[in-house]
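A.B. asks: Next comes the structure file input07.cif, holding mmCIF, C-alpha atoms.
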```cif
data_my_file
loop_
_atom_site.label_atom_id
_atom_site.label_comp_id
_atom_site.auth_asym_id
_atom_site.auth_seq_id
_atom_site.Cartn_x
_atom_site.Cartn_y
_atom_site.Cartn_z
CA MET M 568 -4.35 -0.88 3.27
CA ARG M 569 -0.92 -1.51 1.89
CA LEU M 570 0.73 -4.78 0.94
CA GLY M 571 3.48 -6.12 3.19
CA THR M 572 7.20 -5.74 2.62
CA ALA M 573 9.64 -8.64 2.45
CA LEU M 574 12.97 -7.59 3.96
CA VAL M 575 15.70 -10.04 2.98
CA LEU M 576 18.97 -9.93 4.90
CA SER M 577 22.24 -11.71 4.28
CA ALA M 578 25.70 -11.29 5.76
CA PRO M 579 28.89 -13.26 6.25
CA SER M 580 29.47 -14.64 9.73
CA GLY M 581 30.90 -11.83 11.89
CA ALA M 582 29.35 -8.92 9.99
CA GLY M 583 26.99 -8.19 12.89
CA LYS M 584 23.66 -9.18 11.35
CA THR M 585 22.22 -10.65 14.56
CA THR M 586 22.70 -7.40 16.50
CA LEU M 587 21.26 -5.33 13.66
CA VAL M 588 18.17 -7.56 13.41
CA HIS M 589 17.71 -7.43 17.18
CA ARG M 590 17.77 -3.61 17.13
CA LEU M 591 15.39 -3.44 14.17
CA LEU M 592 12.89 -5.71 15.93
CA GLN M 593 13.04 -3.54 19.05
CA GLU M 594 11.63 -0.61 17.07
CA PHE M 595 9.42 -2.70 14.77
CA PRO M 596 8.13 -5.71 16.74
CA GLN M 597 5.28 -6.13 14.23
CA PHE M 598 7.43 -8.14 11.81
CA ALA M 599 6.07 -11.56 10.91
CA PHE M 600 8.38 -14.52 10.46
CA SER M 601 7.65 -17.32 8.07
CA ILE M 602 7.91 -20.81 9.54
CA SER M 603 10.43 -22.86 7.59
CA CYS M 604 10.06 -26.46 6.49
CA THR M 605 12.83 -28.92 7.29
CA THR M 606 13.60 -32.60 6.89
CA ARG M 607 15.74 -32.77 10.01
CA ALA M 608 14.35 -34.40 13.14
CA PRO M 609 12.75 -32.17 15.79
CA ARG M 610 15.01 -31.34 18.73
CA ALA M 611 13.83 -31.46 22.33
CA GLY M 612 11.18 -28.81 22.90
CA GLU M 613 10.62 -28.01 19.22
CA VAL M 614 6.99 -27.97 18.18
CA ASP M 615 5.82 -28.86 14.66
CA GLY M 616 4.14 -25.85 13.05
CA ARG M 617 5.68 -23.42 15.54
CA ASP M 618 9.47 -23.86 15.27
CA TYR M 619 9.42 -25.64 11.91
CA HIS M 620 7.15 -27.65 9.71
CA PHE M 621 8.86 -31.04 10.02
CA LEU M 622 8.56 -32.94 6.76
CA THR M 623 9.74 -36.26 5.35
CA LYS M 624 12.33 -36.07 2.57
CA GLU M 625 9.68 -37.36 0.14
CA ARG M 626 7.20 -34.64 1.08
CA PHE M 627 9.93 -31.98 0.87
CA ALA M 628 11.00 -33.20 -2.58
CA ALA M 629 7.38 -33.20 -3.77
CA MET M 630 6.85 -29.62 -2.57
CA ARG M 631 10.12 -28.56 -4.14
CA SER M 632 9.16 -29.97 -7.53
CA GLU M 633 5.79 -28.19 -7.28
CA GLY M 634 7.62 -24.85 -6.80
CA ALA M 635 6.14 -24.54 -3.33
CA PHE M 636 9.29 -23.03 -1.82
CA ALA M 637 10.28 -19.38 -2.06
CA GLU M 638 13.81 -20.64 -1.38
CA TRP M 639 15.34 -23.88 -0.19
CA ALA M 640 18.78 -25.29 0.60
CA GLU M 641 20.53 -28.46 1.67
CA VAL M 642 22.67 -28.08 4.79
CA HIS M 643 24.64 -31.05 6.14
CA GLY M 644 22.31 -33.52 4.41
CA ASN M 645 19.10 -31.92 5.68
CA TYR M 646 16.75 -29.80 3.62
CA TYR M 647 15.37 -26.44 4.67
CA GLY M 648 12.84 -24.36 2.79
CA THR M 649 10.62 -21.28 3.08
CA PRO M 650 7.11 -22.15 1.88
CA LEU M 651 5.89 -19.61 -0.66
CA GLY M 652 2.14 -19.81 0.01
CA PRO M 653 2.14 -18.67 3.67
CA LEU M 654 4.71 -15.97 2.80
CA ARG M 655 2.51 -14.54 0.05
CA GLU M 656 -0.52 -14.68 2.38
CA LEU M 657 1.30 -12.67 5.04
CA LEU M 658 2.40 -10.07 2.49
CA ALA M 659 -1.07 -9.86 0.92
CA ALA M 660 -2.49 -9.27 4.40
CA GLY M 661 -0.12 -6.31 4.82
CA ARG M 662 2.29 -8.02 7.20
CA ASP M 663 6.00 -7.22 6.80
CA VAL M 664 8.22 -10.29 6.80
CA LEU M 665 11.88 -10.52 7.74
CA LEU M 666 13.85 -13.23 5.93
CA ASP M 667 17.32 -14.01 7.22
CA VAL M 668 18.93 -16.15 4.54
CA ASP M 669 22.25 -16.99 2.89
CA VAL M 670 23.24 -15.61 -0.50
CA GLN M 671 21.74 -18.59 -2.38
CA GLY M 672 18.47 -18.15 -0.50
CA ALA M 673 18.42 -14.44 -1.35
CA ALA M 674 19.00 -15.23 -5.04
CA GLN M 675 15.96 -17.55 -5.00
CA LEU M 676 13.82 -15.01 -3.09
CA ARG M 677 14.53 -12.37 -5.73
CA LEU M 678 12.85 -14.69 -8.24
CA SER M 679 9.96 -15.66 -5.95
CA LEU M 680 8.98 -12.29 -4.49
CA HIS M 681 8.38 -9.03 -6.25
CA ASN M 682 9.23 -5.94 -4.26
CA ALA M 683 11.49 -7.78 -1.83
CA ALA M 684 14.10 -5.42 -0.36
CA THR M 685 17.39 -7.34 -0.36
CA VAL M 686 20.16 -6.11 1.92
CA PHE M 687 23.71 -7.38 2.31
CA ILE M 688 25.64 -6.44 5.45
CA LEU M 689 29.37 -6.00 4.90
CA PRO M 690 32.20 -5.89 7.44
CA PRO M 691 34.43 -2.78 7.17
CA SER M 692 37.34 -4.95 5.99
CA MET M 693 38.45 -8.59 5.87
CA GLN M 694 41.00 -7.78 8.60
CA GLU M 695 38.24 -6.49 10.88
CA LEU M 696 36.09 -9.53 10.07
CA GLU M 697 38.96 -11.82 11.07
CA ARG M 698 39.50 -9.82 14.26
CA ARG M 699 35.80 -10.16 15.17
CA LEU M 700 35.76 -13.90 14.49
CA ARG M 701 38.91 -14.37 16.61
CA SER M 702 37.61 -12.22 19.46
CA ARG M 703 34.69 -14.63 19.93
CA GLY M 704 37.28 -17.11 21.17
CA THR M 705 35.09 -20.05 20.15
CA ASP M 706 36.59 -21.15 16.85
CA SER M 707 39.86 -22.88 15.96
CA ASP M 708 42.23 -21.37 13.39
CA ASP M 709 40.95 -23.89 10.84
CA VAL M 710 37.33 -22.94 11.42
CA ILE M 711 38.20 -19.23 11.22
CA ALA M 712 40.10 -19.78 7.95
CA THR M 713 37.05 -21.59 6.52
CA ARG M 714 34.70 -18.85 7.69
CA LEU M 715 36.91 -16.18 6.09
CA ALA M 716 37.09 -18.06 2.80
CA ASN M 717 33.30 -18.45 2.83
CA ALA M 718 32.90 -14.77 3.70
CA GLY M 719 34.93 -13.84 0.62
CA LYS M 720 32.66 -15.93 -1.60
CA GLU M 721 29.53 -14.45 -0.01
CA ILE M 722 30.81 -10.86 -0.29
CA ALA M 723 31.40 -11.44 -4.00
CA GLU M 724 27.61 -12.01 -4.21
CA ALA M 725 26.84 -8.72 -2.45
CA ARG M 726 26.65 -6.93 -5.80
CA TRP M 727 23.40 -8.77 -6.56
CA PHE M 728 21.69 -7.32 -3.52
CA GLU M 729 19.67 -4.16 -3.88
CA SER M 730 21.35 -2.38 -0.96
CA ILE M 731 24.48 -2.74 1.10
CA ILE M 732 25.29 -1.65 4.62
CA VAL M 733 28.91 -1.39 5.77
CA ASN M 734 28.80 -2.21 9.48
CA ASP M 735 31.74 -0.13 10.70
CA ASP M 736 29.64 1.87 13.21
CA LEU M 737 26.79 -0.02 14.86
CA ASN M 738 24.49 2.97 15.42
CA ARG M 739 24.90 4.18 11.86
CA ALA M 740 24.37 0.69 10.47
CA CYS M 741 21.19 0.31 12.57
CA ASP M 742 19.90 3.65 11.29
CA GLU M 743 20.65 2.55 7.73
CA LEU M 744 18.83 -0.77 8.11
CA ARG M 745 15.87 1.08 9.62
CA ALA M 746 15.88 3.50 6.65
CA ILE M 747 16.00 0.67 4.11
CA TYR M 748 13.09 -1.07 5.84
CA LEU M 749 10.95 2.08 6.14
CA ALA M 750 11.69 3.10 2.55
CA ALA M 751 10.75 -0.39 1.37
CA THR M 752 7.32 -0.02 3.02
CA LEU M 753 6.78 3.19 0.99
CA ARG M 754 7.19 1.65 -2.46
CA THR M 755 4.32 2.67 -4.68
CA PRO M 756 3.21 -0.82 -5.81
CA LEU M 757 2.41 -1.65 -2.17
CA HIS M 758 0.09 1.37 -1.94
CA ARG M 759 -1.97 1.32 -5.10
CA THR M 760 -5.26 1.40 -3.17
CA VAL M 761 -4.09 4.64 -1.47
CA ILE M 762 -3.80 6.40 -4.83
CA ASP M 763 -7.02 4.87 -6.18
CA THR M 764 -8.94 5.94 -3.05
CA LEU M 765 -7.60 9.51 -3.24
CA LEU M 766 -8.77 9.82 -6.84
CA GLN M 767 -12.27 8.38 -6.31
CA MET N 280 33.85 6.54 -2.59
CA ARG N 281 30.26 6.09 -3.61
CA LEU N 282 28.36 7.68 -6.46
CA GLY N 283 25.82 10.38 -5.64
CA THR N 284 22.09 9.90 -5.31
CA ALA N 285 19.50 11.86 -7.27
CA LEU N 286 16.43 12.44 -5.09
CA VAL N 287 13.49 13.50 -7.26
CA LEU N 288 10.46 15.01 -5.50
CA SER N 289 7.05 15.94 -6.85
CA ALA N 290 3.83 16.92 -5.14
CA PRO N 291 0.62 18.78 -5.89
CA SER N 292 0.39 22.30 -4.51
CA GLY N 293 -0.64 22.08 -0.84
CA ALA N 294 0.81 18.62 -0.15
CA GLY N 295 3.53 20.12 2.05
CA LYS N 296 6.61 19.50 -0.08
CA THR N 297 8.34 22.77 0.81
CA THR N 298 8.25 22.03 4.54
CA LEU N 299 9.46 18.46 4.01
CA VAL N 300 12.38 19.62 1.85
CA HIS N 301 13.29 22.28 4.40
CA ARG N 302 13.41 19.68 7.18
CA LEU N 303 15.44 17.25 5.06
CA LEU N 304 18.02 19.96 4.28
CA GLN N 305 18.33 20.79 7.98
CA GLU N 306 19.65 17.28 8.64
CA PHE N 307 21.47 16.89 5.32
CA PRO N 308 22.82 20.30 4.27
CA GLN N 309 25.33 18.60 1.95
CA PHE N 310 22.81 18.28 -0.90
CA ALA N 311 23.89 19.86 -4.18
CA PHE N 312 21.39 21.65 -6.39
CA SER N 313 21.70 21.74 -10.12
CA ILE N 314 21.45 25.21 -11.67
CA SER N 315 18.61 25.30 -14.19
CA CYS N 316 18.68 26.89 -17.59
CA THR N 317 15.91 29.30 -18.56
CA THR N 318 14.92 31.52 -21.45
CA ARG N 319 13.15 34.05 -19.23
CA ALA N 320 14.83 37.40 -18.51
CA PRO N 321 16.86 37.73 -15.29
CA ARG N 322 15.00 39.46 -12.46
CA ALA N 323 16.59 42.13 -10.28
CA GLY N 324 19.44 40.62 -8.26
CA GLU N 325 19.58 37.34 -10.20
CA VAL N 326 23.08 36.34 -11.30
CA ASP N 327 23.74 34.30 -14.43
CA GLY N 328 25.39 30.98 -13.48
CA ARG N 329 24.26 31.27 -9.86
CA ASP N 330 20.46 31.57 -9.93
CA TYR N 331 20.01 30.30 -13.47
CA HIS N 332 21.89 29.92 -16.68
CA PHE N 333 20.07 32.53 -18.76
CA LEU N 334 19.86 31.39 -22.38
CA THR N 335 18.35 32.65 -25.61
CA LYS N 336 15.47 30.63 -27.03
CA GLU N 337 17.73 29.57 -29.91
CA ARG N 338 20.44 28.27 -27.57
CA PHE N 339 17.85 26.48 -25.44
CA ALA N 340 16.31 24.84 -28.51
CA ALA N 341 19.76 23.76 -29.73
CA MET N 342 20.61 22.20 -26.37
CA ARG N 343 17.23 20.50 -26.25
CA SER N 344 17.71 18.92 -29.66
CA GLU N 345 21.17 17.71 -28.58
CA GLY N 346 19.59 15.91 -25.60
CA ALA N 347 21.48 18.17 -23.21
CA PHE N 348 18.61 18.42 -20.72
CA ALA N 349 17.79 15.83 -18.09
CA GLU N 350 14.31 17.36 -18.14
CA TRP N 351 12.78 20.52 -19.55
CA ALA N 352 9.39 22.24 -19.67
CA GLU N 353 7.64 25.27 -21.08
CA VAL N 354 5.90 27.42 -18.46
CA HIS N 355 3.95 30.53 -19.51
CA GLY N 356 5.93 30.81 -22.76
CA ASN N 357 9.35 30.49 -21.10
CA TYR N 358 11.52 27.39 -21.20
CA TYR N 359 13.20 25.83 -18.17
CA GLY N 360 15.59 22.91 -18.20
CA THR N 361 17.96 20.92 -16.00
CA PRO N 362 21.27 20.45 -17.86
CA LEU N 363 22.30 16.79 -17.83
CA GLY N 364 26.11 17.22 -17.97
CA PRO N 365 26.58 19.14 -14.68
CA LEU N 366 24.07 16.82 -12.98
CA ARG N 367 26.00 13.72 -14.02
CA GLU N 368 29.26 15.36 -12.94
CA LEU N 369 27.87 16.06 -9.46
CA LEU N 370 26.61 12.47 -9.12
CA ALA N 371 29.88 11.01 -10.43
CA ALA N 372 31.73 13.10 -7.81
CA GLY N 373 29.59 11.51 -5.10
CA ARG N 374 27.37 14.54 -4.48
CA ASP N 375 23.70 13.91 -3.73
CA VAL N 376 21.34 16.10 -5.73
CA LEU N 377 17.79 17.12 -4.85
CA LEU N 378 15.50 17.73 -7.82
CA ASP N 379 12.16 19.39 -7.13
CA VAL N 380 10.15 18.93 -10.31
CA ASP N 381 6.63 18.49 -11.64
CA VAL N 382 5.31 15.11 -12.78
CA GLN N 383 6.44 15.67 -16.39
CA GLY N 384 9.92 16.57 -15.18
CA ALA N 385 10.05 13.44 -13.05
CA ALA N 386 9.00 11.30 -16.03
CA GLN N 387 11.91 12.73 -18.05
CA LEU N 388 14.37 12.30 -15.16
CA ARG N 389 13.48 8.62 -14.90
CA LEU N 390 14.76 8.27 -18.47
CA SER N 391 17.85 10.45 -17.98
CA LEU N 392 19.15 9.19 -14.66
CA HIS N 393 19.70 5.66 -13.51
CA ASN N 394 19.23 5.07 -9.82
CA ALA N 395 17.21 8.23 -9.28
CA ALA N 396 14.92 7.86 -6.27
CA THR N 397 11.55 9.31 -7.29
CA VAL N 398 9.13 10.30 -4.54
CA PHE N 399 5.59 11.63 -4.80
CA ILE N 400 4.09 13.40 -1.79
CA LEU N 401 0.36 12.90 -1.40
CA PRO N 402 -2.14 14.84 0.70
CA PRO N 403 -4.23 12.66 3.07
CA SER N 404 -7.38 13.42 1.01
CA MET N 405 -8.67 15.84 -1.62
CA GLN N 406 -10.85 17.44 1.11
CA GLU N 407 -7.77 18.09 3.25
CA LEU N 408 -5.89 19.44 0.23
CA GLU N 409 -8.74 21.88 -0.45
CA ARG N 410 -8.79 22.91 3.22
CA ARG N 411 -5.04 23.60 3.14
CA LEU N 412 -5.28 25.62 -0.07
CA ARG N 413 -8.18 27.69 1.36
CA SER N 414 -6.44 28.25 4.70
CA ARG N 415 -3.61 30.07 2.91
CA GLY N 416 -6.17 32.82 2.20
CA THR N 417 -4.26 33.92 -0.89
CA ASP N 418 -6.21 32.32 -3.73
CA SER N 419 -9.65 33.01 -5.20
CA ASP N 420 -12.22 30.22 -5.55
CA ASP N 421 -11.37 29.98 -9.24
CA VAL N 422 -7.66 29.58 -8.57
CA ILE N 423 -8.35 26.98 -5.89
CA ALA N 424 -10.64 25.04 -8.24
CA THR N 425 -7.88 25.05 -10.89
CA ARG N 426 -5.26 23.93 -8.35
CA LEU N 427 -7.51 21.07 -7.21
CA ALA N 428 -8.16 19.93 -10.78
CA ASN N 429 -4.42 20.02 -11.48
CA ALA N 430 -3.73 18.15 -8.24
CA GLY N 431 -6.07 15.37 -9.37
CA LYS N 432 -4.18 15.04 -12.66
CA GLU N 433 -0.82 15.03 -10.87
CA ILE N 434 -1.94 12.46 -8.28
CA ALA N 435 -2.98 10.15 -11.13
CA GLU N 436 0.72 10.19 -12.11
CA ALA N 437 1.86 9.20 -8.61
CA ARG N 438 1.73 5.52 -9.56
CA TRP N 439 4.79 6.03 -11.78
CA PHE N 440 6.92 7.20 -8.89
CA GLU N 441 9.04 4.68 -7.03
CA SER N 442 7.80 5.71 -3.58
CA ILE N 443 4.91 7.64 -2.12
CA ILE N 444 4.57 9.53 1.14
CA VAL N 445 1.13 10.40 2.51
CA ASN N 446 1.63 13.66 4.37
CA ASP N 447 -1.03 13.32 7.07
CA ASP N 448 1.45 13.69 9.95
CA LEU N 449 4.38 16.04 9.35
CA ASN N 450 6.86 14.30 11.65
CA ARG N 451 6.11 10.90 10.21
CA ALA N 452 6.30 12.21 6.65
CA CYS N 453 9.68 13.84 7.42
CA ASP N 454 10.98 10.57 8.86
CA GLU N 455 9.76 8.74 5.77
CA LEU N 456 11.44 11.17 3.36
CA ARG N 457 14.64 10.88 5.40
CA ALA N 458 14.41 7.05 5.18
CA ILE N 459 13.85 7.11 1.43
CA TYR N 460 16.85 9.40 0.95
CA LEU N 461 19.17 7.38 3.22
CA ALA N 462 18.07 4.10 1.66
CA ALA N 463 18.69 5.55 -1.80
CA THR N 464 22.30 6.32 -0.82
CA LEU N 465 22.77 2.64 0.12
CA ARG N 466 21.88 1.17 -3.27
CA THR N 467 24.51 -1.29 -4.34
CA PRO N 468 25.31 0.18 -7.78
CA LEU N 469 26.48 3.38 -6.04
CA HIS N 470 28.96 1.38 -3.94
CA ARG N 471 30.64 -1.00 -6.33
CA THR N 472 34.13 0.18 -5.36
CA VAL N 473 33.34 -0.70 -1.73
CA ILE N 474 32.75 -4.34 -2.65
CA ASP N 475 35.72 -4.46 -5.04
CA THR N 476 38.03 -2.98 -2.38
CA LEU N 477 36.88 -5.47 0.27
CA LEU N 478 37.63 -8.38 -2.04
CA GLN N 479 41.08 -7.20 -3.13
#
```
With the file now loaded, output its structure as structure tokens.
C.D. replies:
Amino acid sequence: MRLGTALVLSAPSGAGKTTLVHRLLQEFPQFAFSISCTTRAPRAGEVDGRDYHFLTKERFAAMRSEGAFAEWAEVHGNYYGTPLGPLRELLAAGRDVLLDVDVQGAAQLRLSLHNAATVFILPPSMQELERRLRSRGTDSDDVIATRLANAGKEIAEARWFESIIVNDDLNRACDELRAIYLAATLRTPLHRTVIDTLLQ
Amino acid sequence: MRLGTALVLSAPSGAGKTTLVHRLLQEFPQFAFSISCTTRAPRAGEVDGRDYHFLTKERFAAMRSEGAFAEWAEVHGNYYGTPLGPLRELLAAGRDVLLDVDVQGAAQLRLSLHNAATVFILPPSMQELERRLRSRGTDSDDVIATRLANAGKEIAEARWFESIIVNDDLNRACDELRAIYLAATLRTPLHRTVIDTLLQ
């Protein structure tokens, strides 16, 4: 039995991460997802323990100071965090876990998880990124300018990721993400019992 | 332009490495091979600088003491070595290089080359390895016993390789080697100019 692989993905808005993840999950539906903790109120239909673990700010702060989060962030005054214990339990049980996080989250996960495969998805160019954001037709010029400025800051963090994918051809990018995932499941430290058993 | 990837493969005799390499090269014929140096005499038809660089023992020893080999070994009284300079030049020019070496060679390559992807190919079991060696019908019981003992020693070194492939299903093992190679070409340090160019 091997240990599970943590696949950590980040990308600026418009790089195509959602489509790539969707295609990866079509071939590998066995991925587990960790349930995040949040201090925001549940929305209609959301179930505690299924969609999120809904926590008070006090409880969240207590967990944070105990180091109970693999990564956490504040977004618009609410706190979000990935609890480390359940994540480690999934990995120890051989389940692969997909973590879709921002660049700060990825930086924290690198410290929390050994053997995490961290992948940053890049647009082919800033011009193409702008074109994609505009073609959605949903955002004002101001919002697009903010997204582009943020994308620049995030891309500057790409160098800290283990691997990068340039999403200029969707099929090739999907094949590359698949390869990074499969290769990550073949890392020797996840398979030590295989070697030990062979040598018995 | 990205830097090249060094793919380093080792396996005990009978693990199926030759077939896996053959299949990998069918899809990726662009691999470069480094030309080894050797102190053994050229055989009929072998061309200096194409098949090997044929060296005197004195020249080989001088190069070795200068640190000019990425890895070297003595086999049956002859010396063999992979010259580091041409290897680095290929990688710097963006060529991917396949290095098929024994476990000692791989250990030396880990020190010589950053970002080398080291892969060990395992048989499904020692029983299956023995069956494969016997089914060749070419080796005596003594030779097979020696090969199995050597295989055990080599497999004990597998834990020092970055990735392992258990070759119990040829198609799956081929897909895994392909994934490891592709993923290795996507490592961020090979692509730093991509990120720099995007941010210009």
A.B. asks: Can you give me, as a list in words, the residues this file yields under the PyMOL selection byres ((chain M and resi 697) around 9)?
C.D. replies: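 Listing what the PyMOL selection byres ((chain M and resi 697) around 9) selects in the shown file: Gly581, Ser692, Met693, Gln694, Glu695, Leu696, Arg698, Arg699, Leu700, Arg701, Ser702, Ile711, Ala712, Arg714 and Leu715 of chain M.
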A.B. asks: Please determine the contact residues of chain N with respect to chain M at a cut-off of 6 Å, counting all atoms listed in the file, and supply them as JSON, numbers by chain.
C.D. replies: {"N": [404, 441, 442, 443, 458, 459, 462, 465, 466, 467, 477]}
A.B. asks: Run the PyMOL selection byres ((chain N and resi 288) around 9) against the file shown and list the residues it catches, as a PDB file with C-alpha atoms, in the coordinates of the input.
C.D. replies:
```pdb
ATOM      1  CA  LEU N 286      16.430  12.440  -5.090  1.00  0.00           C
ATOM      2  CA  VAL N 287      13.490  13.500  -7.260  1.00  0.00           C
ATOM      3  CA  SER N 289       7.050  15.940  -6.850  1.00  0.00           C
ATOM      4  CA  ALA N 290       3.830  16.920  -5.140  1.00  0.00           C
ATOM      5  CA  LYS N 296       6.610  19.500  -0.080  1.00  0.00           C
ATOM      6  CA  VAL N 300      12.380  19.620   1.850  1.00  0.00           C
ATOM      7  CA  LEU N 377      17.790  17.120  -4.850  1.00  0.00           C
ATOM      8  CA  LEU N 378      15.500  17.730  -7.820  1.00  0.00           C
ATOM      9  CA  ASP N 379      12.160  19.390  -7.130  1.00  0.00           C
ATOM     10  CA  VAL N 380      10.150  18.930 -10.310  1.00  0.00           C
ATOM     11  CA  ASP N 381       6.630  18.490 -11.640  1.00  0.00           C
ATOM     12  CA  VAL N 382       5.310  15.110 -12.780  1.00  0.00           C
ATOM     13  CA  ALA N 385      10.050  13.440 -13.050  1.00  0.00           C
ATOM     14  CA  ALA N 396      14.920   7.860  -6.270  1.00  0.00           C
ATOM     15  CA  THR N 397      11.550   9.310  -7.290  1.00  0.00           C
ATOM     16  CA  VAL N 398       9.130  10.300  -4.540  1.00  0.00           C
ATOM     17  CA  PHE N 399       5.590  11.630  -4.800  1.00  0.00           C
ATOM     18  CA  ILE N 400       4.090  13.400  -1.790  1.00  0.00           C
TER      19      ILE N 400
END
```
A.B. asks: In Å, rounded to a single decimal, give me how far CA of Phe310 in chain N is from CA of Asn450 in chain N.
C.D. replies: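 Interatomic distance, CA of Asn450 in chain N to CA of Phe310 in chain N: 20.7 Å.
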A.B. asks: Quick one: residues within 12 Å of Arg367 in chain N, all atoms listed in the file, excluding same-chain residues fewer than 2 positions away - as number ranges by chain?
C.D. replies: N: 282-285, 311-313, 347-349, 361-365, 369-376, 388, 391-395
A.B. asks: Interatomic distance between CA of Arg338 in chain N and CA of Tyr358 in chain N?
C.D. replies: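 Between CA of Arg338 in chain N and CA of Tyr358 in chain N the gap works out to 11.0 Å.
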A.B. asks: Evaluate the PyMOL selection byres ((chain N and resi 356) around 12) on the structure here and hand back the selected residues as a list in words.
C.D. replies: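 Evaluating the PyMOL selection byres ((chain N and resi 356) around 12) on these coordinates yields Thr317, Thr318, Arg319, Ala320, Lys336, Ala352, Glu353, Val354, His355, Asn357, Tyr358 and Tyr359 of chain N.
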A.B. asks: Put those residues in a file: C-alpha atoms, as an mmCIF file, in the coordinates of the input.
C.D. replies:
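Result saved to out37.cif:
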```cif
data_model
loop_
_atom_site.group_PDB
_atom_site.id
_atom_site.type_symbol
_atom_site.label_atom_id
_atom_site.label_comp_id
_atom_site.auth_asym_id
_atom_site.auth_seq_id
_atom_site.Cartn_x
_atom_site.Cartn_y
_atom_site.Cartn_z
ATOM 1 C CA THR N 317 15.910 29.300 -18.560
ATOM 2 C CA THR N 318 14.920 31.520 -21.450
ATOM 3 C CA ARG N 319 13.150 34.050 -19.230
ATOM 4 C CA ALA N 320 14.830 37.400 -18.510
ATOM 5 C CA LYS N 336 15.470 30.630 -27.030
ATOM 6 C CA ALA N 352 9.390 22.240 -19.670
ATOM 7 C CA GLU N 353 7.640 25.270 -21.080
ATOM 8 C CA VAL N 354 5.900 27.420 -18.460
ATOM 9 C CA HIS N 355 3.950 30.530 -19.510
ATOM 10 C CA ASN N 357 9.350 30.490 -21.100
ATOM 11 C CA TYR N 358 11.520 27.390 -21.200
ATOM 12 C CA TYR N 359 13.200 25.830 -18.170
#
```
A.B. asks: Mind pulling up the distance from CA of Arg617 in chain M to CA of Gln671 in chain M?
C.D. replies: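 Here the two named atoms are 24.5 Å from each other.
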